[in-house]
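Peer 1: Quick one: structure below, then a few questions.
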2 protein chains.
Amino acid sequence: MYCGIAIFPSKEIQDAANSFRKRYDPHYNLIQPHLTIKEKEQWNEDQLAAAAAHLEQITKSIQPFEIHFNRFSSFYPVNNVIYLALSDTTEMIKLHNTICTDVCRESEKPYAYNPHLTIGQELGADELHDVLSSLKNRKVNLTSKVDRVHLLFQTDNEAWTVHQTFLLRG
Amino acid sequence: MYCGIAIFPSKEIQDAANSFRKRYDPHYNLIQPHLTIKEKEQWNEDQLAAAAAHLEQITKSIQPFEIHFNRFSSFYPVNNVIYLALSDTTEMIKLHNTICTDVCRESEKPYAYNPHLTIGQELGADELHDVLSSLKNRKVNLTSKVDRVHLLFQTDNEAWTVHQTFLLRG
């Protein structure tokens, strides 16, 4: 089954993100607003259990931190994605690099990890530019603590179920 | 915010349930297939934290167990709900009674706890009878281990986010 690792920000940020996702993100009904830590990968039950053991161990030494969203941005032209962007990505990249090791290491990827909260995707180029130009001047000032990560699996309808959460206990 | 406690069964059971929920359950997009342990209740951040502490403590002494679904059933005429029913509800009722204590105790409710996995709700009486009569003779034989419970909160769009999972470690 497909499994992945993600962070769900505070309810306040989820509500803000959902108000956009509802219109612009076809994944709106499949998962709540999140920041991906590890992209989905096909795992069997043993690999899922090994990932849970790895996360249980590694999160012991990770300290909780805060993230701050300060703007809307886009991956265009690489991807027609609009996202809430972080003012500083250092801590999230550190978290990703710590977690995605051992049984959770990522396979070769064409681009570097860039933490983000998607609010629109699979948009046509015209629609992307319309939406982005209307969002780019909006003031964004949203803060969320990151004190846990979630290990998830995907059901056949492509929706996600949380398998287990791991508190950052460093 | 609204918070609740639930169990998500195995992927196999979630997939089976979703094939029905897609057609008959308006909550299909709001949460994955689940068995409710504690109905939603309005809590503040402190109450959510207190519930997490309670669950962390109480799950230490609860042993994992198995549940077995053996039929479709309905709460009609009390509620126009169709659900996957358990062959034996003893362990789930025990789990509910252990968890719903202290800060997680339930307020007065008009009916006793009846563990179930909803696959249809808010159906008209005619539709309910049509669906139920087509499902009642289906063979059901689905087993899932119960080795964790999930504490969830609801966002403004009525979808649910898992706040924390607690392994049954007894």
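Labels used: A, B, ... for chains in the order of the structure tokens, numbers from 1 for residues in each chain, and numbers from 1 for ligands as shown.
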If we count only C-alpha atoms and set the cut-off at 6 Å, which residues sit around range 72-83 of chain B, ignoring sequence neighbours fewer than 2 positions away in its own chain? Please answer as a PyMOL selection string.

Peer 2: chain B and resi 85+117-123+136

Peer 1: Neighbouring residues of Tyr2 in chain A were defined as those with any atom within 7 Å, considering only C-alpha atoms; residues of the same chain fewer than 5 positions away were excluded. Please report them as JSON, numbers by chain.

Peer 2: {"A": [40, 41, 42, 43, 153, 154]}

Peer 1: What parts of chain A does DSSP call alpha helix (DSSP H)? I'd like the answer as a PyMOL selection string.

Peer 2: chain A and resi 11-24+45-58+90-99+125-135

Peer 1: Have a look at A:Arg105, A:Lys22, A:His54, A:Arg71 and name the one nearest to chain B; count only C-alpha atoms.

Peer 2: A:Lys22

Peer 1: Ala6 in chain A: which residues within 9 Å, counting only C-alpha atoms, same-chain residues fewer than 4 positions away excluded, as a JSON list (two decimals) with C-alpha atoms, in the first residue's frame?

Peer 2:
```
[["chain", "number", "residue", "atom", "x", "y", "z"],
["A", 34, "HIS", "CA", -0.51, 19.23, 5.32],
["A", 35, "LEU", "CA", 3.20, 19.61, 4.70],
["A", 36, "THR", "CA", 4.66, 16.46, 3.20],
["A", 37, "ILE", "CA", 7.80, 15.14, 4.88],
["A", 38, "LYS", "CA", 8.16, 12.01, 2.78],
["A", 39, "GLU", "CA", 6.41, 11.48, -0.54],
["A", 149, "VAL", "CA", 4.70, 13.90, 12.61],
["A", 150, "HIS", "CA", 2.14, 11.51, 11.16],
["A", 151, "LEU", "CA", 2.68, 8.23, 9.35],
["A", 152, "LEU", "CA", -0.17, 7.64, 6.89]]
```

Peer 1: Give me, as number ranges by chain, the contact residues of chain A against chain B at a cut-off of 9 Å, counting only C-alpha atoms.

Peer 2: A: 1, 8, 11-12, 14-15, 18-19, 28-32, 148, 150, 153-157, 159-167

Peer 1: Using DSSP on the backbone coordinates, identify the residues of chain B assigned to strand (DSSP E or B); present them as number ranges by chain.

Peer 2: B: 2-7, 35-42, 65-74, 82-86, 117-120, 142-146, 148-154, 160-167
